[in-house]
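First up is the structure itself, then whatever we jot down about it.
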Amino acid sequence: MLYFSRPKATLVNLYIHRLRHQSSFYHSIMLRVIALASVASASAFAPMGAQPLGLARAQPRAVSARPMTMQMQGKTPSFKQVDTDGSGLIDQQELTAAFGADAADVMKKADLDGNEVIDFAEYERAMNMRKNGDEQGGNLGVRRSVKLGLLTPTSALADGEGSLLVGNSGFDPLNFATSLVAVNSYREAEIKHGRLAMLAAVGWPVAELLHPSLAKAMGAPDLLAAGAKAPSVLNGGLEKISPLFFAGVFVFGAVIDNAIQNKLEQNRQVGDLGFDPLGFCSGANAEDKK
């Protein structure tokens, strides 16, 4: 018993000493909190102009008479913010109002066609160049592809108007993009094939669902393959359809496509056929359309 009594007493004393130390520490913290709360309360309920408890009010800074541009405020303005008249084009005056002394440099980098106004694509390229550097028009995806050898530095996709194209990440290892005209023709074909594929994806099940009833109502033969499936190479049944039907479809499609292409403006956006019956793009600016 005598062997354990001293260690126990020592531990008890240490525990009591620690409690006293913590109590005094917490007590000092509580006093500080109460003092700060009192100062805040006095400041909140003090009359206007009074300075309770020695709290000095900060003197208001003098406001410069010179208007701050968006660039001076540390912001990169959007195309819509700079295009104050909503014309869809930015002129030198609007550019100066947004960028101040840097407006001339922005116009020089952005105005690719030299018409002294900037459209949305040109403005986006200029902002990318200010942010990411001038190489490859500020397009980081294109710059990465050039370094990896997936795109030649002289490609039409590497800079200029080609760097503005939506979805351009610079992937062209076989160098098909020999010119911007070639790129736009490839883009037109790709969009056209995608639209035809979507129509086919809808037409396939609709034909299987509606053809039997429509053929019966019109007194025509049912041309579906075995199992009420649409005629195809996999399903069979193509022998039931006259070859003249396929020839007529190809000729009709070619005539319509040629007529549409001739009527469309040459400077239109690729894939824009002017078909918007639901008005999704009516009144939309270039930024929203993209």
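Starting from 1 in every chain, residues are counted up; chains themselves are A, B, ... following the order of the structure tokens, and ligands are numbered from 1 as listed.
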**Q.** Residue contacts of Val183 (chain A) (8 Å, only C-alpha atoms) excluding same-chain residues fewer than 6 positions away, as a ChimeraX atom specification
**A.** /A:156,176-177
Please save N, CA and C atoms of the selected residues as a PDB file, in the first residue's frame.
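Result written to part-v8.pdb:
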ATOM      1  N   ALA A 156      -4.603  23.750 -91.475  1.00  0.00           N
ATOM      2  CA  ALA A 156      -5.646  24.784 -91.421  1.00  0.00           C
ATOM      3  C   ALA A 156      -6.313  24.829 -90.057  1.00  0.00           C
ATOM      4  N   PHE A 176      -5.773  15.670 -93.252  1.00  0.00           N
ATOM      5  CA  PHE A 176      -6.860  15.866 -94.202  1.00  0.00           C
ATOM      6  C   PHE A 176      -7.212  17.347 -94.340  1.00  0.00           C
ATOM      7  N   ALA A 177      -6.974  18.122 -93.272  1.00  0.00           N
ATOM      8  CA  ALA A 177      -7.347  19.537 -93.273  1.00  0.00           C
ATOM      9  C   ALA A 177      -6.298  20.354 -94.020  1.00  0.00           C
TER      10      ALA A 177
END
Q. If you run DSSP on this backbone, which residues of region 35-281 of chain A come out as alpha helix (DSSP H), and could you give them as an NGL selection string?
A. :A and (35-45 or 79-82 or 92-99 or 103-110 or 120-132 or 140-148 or 180-218 or 243-263)
Q: Take CA of Ser179 (chain A) and CA of Met107 (chain A) and report the distance between them in Å, one decimal.
A: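 Spanning CA of Ser179 (chain A) to CA of Met107 (chain A) is a straight-line distance of 24.7 Å.
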Q) Can you tell me, as a PyMOL selection string, what residues are no more than 7 Å from Asn128 (chain A) when counting only C-alpha atoms, ignoring any on the same chain fewer than 6 positions away? A) chain A and resi 137-139
With N, CA and C atoms retained, export the selected residues as a short mmCIF file (atom, residue, chain, number, x, y, z; two decimals), in the first residue's frame.
data_model
loop_
_atom_site.label_atom_id
_atom_site.label_comp_id
_atom_site.auth_asym_id
_atom_site.auth_seq_id
_atom_site.Cartn_x
_atom_site.Cartn_y
_atom_site.Cartn_z
N GLY A 137 -3.47 30.29 -81.73
CA GLY A 137 -4.66 31.07 -81.42
C GLY A 137 -5.17 30.87 -80.01
N GLY A 138 -4.27 30.49 -79.08
CA GLY A 138 -4.68 30.29 -77.70
C GLY A 138 -5.45 29.00 -77.45
N ASN A 139 -5.55 28.14 -78.46
CA ASN A 139 -6.28 26.88 -78.33
C ASN A 139 -5.34 25.84 -77.72
#
Q: Using CA of Phe171 (chain A) and CA of Glu135 (chain A) as the two end points, give the distance in Å to one decimal.
A: 16.5 Å
Q: Identify which of the residues A:Leu234, A:Glu122, A:Met129, A:Val82 lies closest to Gly100 (chain A), counting only C-alpha atoms when measuring atom-to-atom distances.
A: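 Going through A:Leu234, A:Glu122, A:Met129, A:Val82 one by one, the smallest distance to Gly100 (chain A) is for A:Val82.
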